Amino acid sequence: METTADTTSVQQEKAPPGNPFGAAFVTPLYMGAVLNPINSSVIAPALVAIAAAMHTSVGGTAILISSLYLTSAIAQPAAGRLAEEFGPRRVFFAGIFLVLAGGILGAVARDMPLLVAARVLIGAGTSTGYPSAMLLIRRRARDAG
């Protein structure tokens, strides 16, 4: 038995006629889901330059990768639960805004604590992509039959 909130969200996410998994539906989901794993490979080549700019050792910049992984380990299961509770689209978009905030903070950061905070925001934001995408796909498949 579905509650009113569940019925409303299911009605809003009905699959359109034709191909329910067209490019307009899956492309943003793919992009959101791959942001988290790509993040560490993108920052790894920059660690030496970051260490020089922040006047710290290269080993000291490893916290930038660790903070993202630790945040992701906590945030991804939580994001899945939040997506079930509040709707996957809301959680997906909230994650995008967290990534935006983390990117802006990282761009203006002048010390390691701010860079770590930026990475935590990015980790939390990118962690919403995969669970939200899976829930959206599962609901779309159920609605499409």
# chains A, B, ... in the order shown; residues from 1 in each chain; ligands from 1

call {"tool": "closest_atom_pairs", "arguments": {"of": "region 16-53 of chain A", "to": "region 61-73 of chain A", "cutoff": "9 Å", "atoms": "only C-alpha atoms", "output": "JSON lines"}}
result
{"residue": "A:Asn36", "atom": "CA", "partner": "A:Ser72", "partner_atom": "CA", "distance": 8.0}
{"residue": "A:Asn39", "atom": "CA", "partner": "A:Leu68", "partner_atom": "CA", "distance": 8.5}
{"residue": "A:Ser40", "atom": "CA", "partner": "A:Ile65", "partner_atom": "CA", "distance": 6.2}
{"residue": "A:Ile43", "atom": "CA", "partner": "A:Ile65", "partner_atom": "CA", "distance": 7.9}
{"residue": "A:Ala44", "atom": "CA", "partner": "A:Ile65", "partner_atom": "CA", "distance": 8.0}
{"residue": "A:Leu47", "atom": "CA", "partner": "A:Thr61", "partner_atom": "CA", "distance": 6.3}
{"residue": "A:Val48", "atom": "CA", "partner": "A:Thr61", "partner_atom": "CA", "distance": 8.2}
{"residue": "A:Ile50", "atom": "CA", "partner": "A:Thr61", "partner_atom": "CA", "distance": 7.3}
{"residue": "A:Ala51", "atom": "CA", "partner": "A:Thr61", "partner_atom": "CA", "distance": 6.2}

call {"tool": "write_last_selection", "arguments": {"atoms": "N, CA and C atoms", "output": "tab-separated table (two decimals), in the first residue's frame"}}
result
chain	number	residue	atom	x	y	z
A	36	ASN	N	31.87	10.28	-8.80
A	36	ASN	CA	32.60	9.87	-7.60
A	36	ASN	C	33.87	9.10	-7.91
A	39	ASN	N	36.70	11.31	-9.52
A	39	ASN	CA	37.26	12.41	-8.73
A	39	ASN	C	38.69	12.18	-8.27
A	40	SER	N	39.00	11.02	-7.75
A	40	SER	CA	40.35	10.78	-7.24
A	40	SER	C	41.38	10.68	-8.35
A	43	ILE	N	42.33	14.29	-9.35
A	43	ILE	CA	43.15	15.07	-8.44
A	43	ILE	C	44.56	14.50	-8.27
A	44	ALA	N	44.73	13.21	-8.50
A	44	ALA	CA	46.03	12.57	-8.25
A	44	ALA	C	47.19	13.25	-8.97
A	47	LEU	N	48.44	16.56	-7.16
A	47	LEU	CA	48.88	16.59	-5.76
A	47	LEU	C	50.23	17.28	-5.56
A	48	VAL	N	51.14	17.07	-6.49
A	48	VAL	CA	52.46	17.70	-6.35
A	48	VAL	C	52.32	19.23	-6.46
A	50	ILE	N	49.61	20.99	-5.88
A	50	ILE	CA	48.86	21.45	-4.70
A	50	ILE	C	49.80	21.54	-3.51
A	51	ALA	N	50.65	20.54	-3.32
A	51	ALA	CA	51.59	20.55	-2.20
A	51	ALA	C	52.51	21.76	-2.29

call {"tool": "residues_around", "arguments": {"residues": "Ser132 (chain A)", "least_positions_apart": "3", "cutoff": "10 Å", "atoms": "only C-alpha atoms", "output": "number ranges by chain"}}
result
A: 29, 32-33, 76, 79-84, 87-93, 95, 127-129, 135-138

call {"tool": "closest_residue", "arguments": {"among": "A:Leu105, A:Ala144, A:Met134, A:Val26", "to": "Arg119 (chain A)", "atoms": "only C-alpha atoms"}}
result
A:Leu105

call {"tool": "select_by_dssp", "arguments": {"residues": "chain A", "states": "helix (DSSP H, G or I)", "output": "ChimeraX atom specification"}}
result
/A:4-12,23-54,59-86,88-108,112-126,129-144

call {"tool": "closest_residue", "arguments": {"among": "A:Ala117, A:Pro20, A:Ile38, A:Leu100", "to": "Asp143 (chain A)", "atoms": "only C-alpha atoms"}}
result
A:Pro20

call {"tool": "residues_around", "arguments": {"residues": "Asn19 (chain A)", "least_positions_apart": "5", "cutoff": "12 Å", "atoms": "only C-alpha atoms", "output": "list in words"}}
result
Ala24, Phe25, Val26, Arg140, Ala141, Ala144 and Gly145 of chain A

call {"tool": "write_last_selection", "arguments": {"atoms": "N, CA, C and O atoms", "output": "CSV table (one decimal), in the first residue's frame"}}
result
chain,number,residue,atom,x,y,z
A,24,ALA,N,17.9,11.1,-23.1
A,24,ALA,CA,17.6,12.2,-22.2
A,24,ALA,C,17.4,11.7,-20.8
A,24,ALA,O,17.7,12.5,-19.8
A,25,PHE,N,17.1,10.5,-20.6
A,25,PHE,CA,16.9,10.0,-19.2
A,25,PHE,C,18.2,9.4,-18.6
A,25,PHE,O,18.6,9.8,-17.5
A,26,VAL,N,18.9,8.6,-19.4
A,26,VAL,CA,20.1,8.0,-18.8
A,26,VAL,C,21.4,8.8,-18.8
A,26,VAL,O,22.2,8.5,-18.0
A,140,ARG,N,11.6,3.6,-13.0
A,140,ARG,CA,11.3,3.7,-14.4
A,140,ARG,C,11.0,2.3,-15.0
A,140,ARG,O,10.1,2.1,-15.8
A,141,ALA,N,11.8,1.3,-14.7
A,141,ALA,CA,11.6,0.0,-15.2
A,141,ALA,C,10.3,-0.6,-14.6
A,141,ALA,O,9.6,-1.3,-15.4
A,144,ALA,N,7.5,1.0,-16.6
A,144,ALA,CA,7.5,0.6,-18.0
A,144,ALA,C,7.0,-0.8,-18.1
A,144,ALA,O,6.6,-1.2,-19.2
A,145,GLY,N,7.0,-1.5,-17.0
A,145,GLY,CA,6.6,-2.9,-17.1
A,145,GLY,C,7.7,-3.8,-17.5
A,145,GLY,O,7.6,-4.8,-18.1

call {"tool": "residues_around", "arguments": {"residues": "region 107-111 of chain A", "least_positions_apart": "4", "cutoff": "7 Å", "atoms": "only C-alpha atoms", "output": "list in words"}}
result
Met54, Gly103 and Leu115 of chain A

call {"tool": "write_last_selection", "arguments": {"atoms": "C-alpha atoms", "output": "PDB file, in the first residue's frame"}}
result
ATOM      1  CA  MET A  54      50.058  25.043  -0.080  1.00  0.00           C
ATOM      2  CA  GLY A 103      34.071  23.343  -6.519  1.00  0.00           C
ATOM      3  CA  LEU A 115      40.621  22.325   0.438  1.00  0.00           C
TER       4      LEU A 115
END

call {"tool": "atom_distance", "arguments": {"atom1": "CA of Val58 (chain A)", "atom2": "CA of Ile96 (chain A)"}}
result
29.2 Å
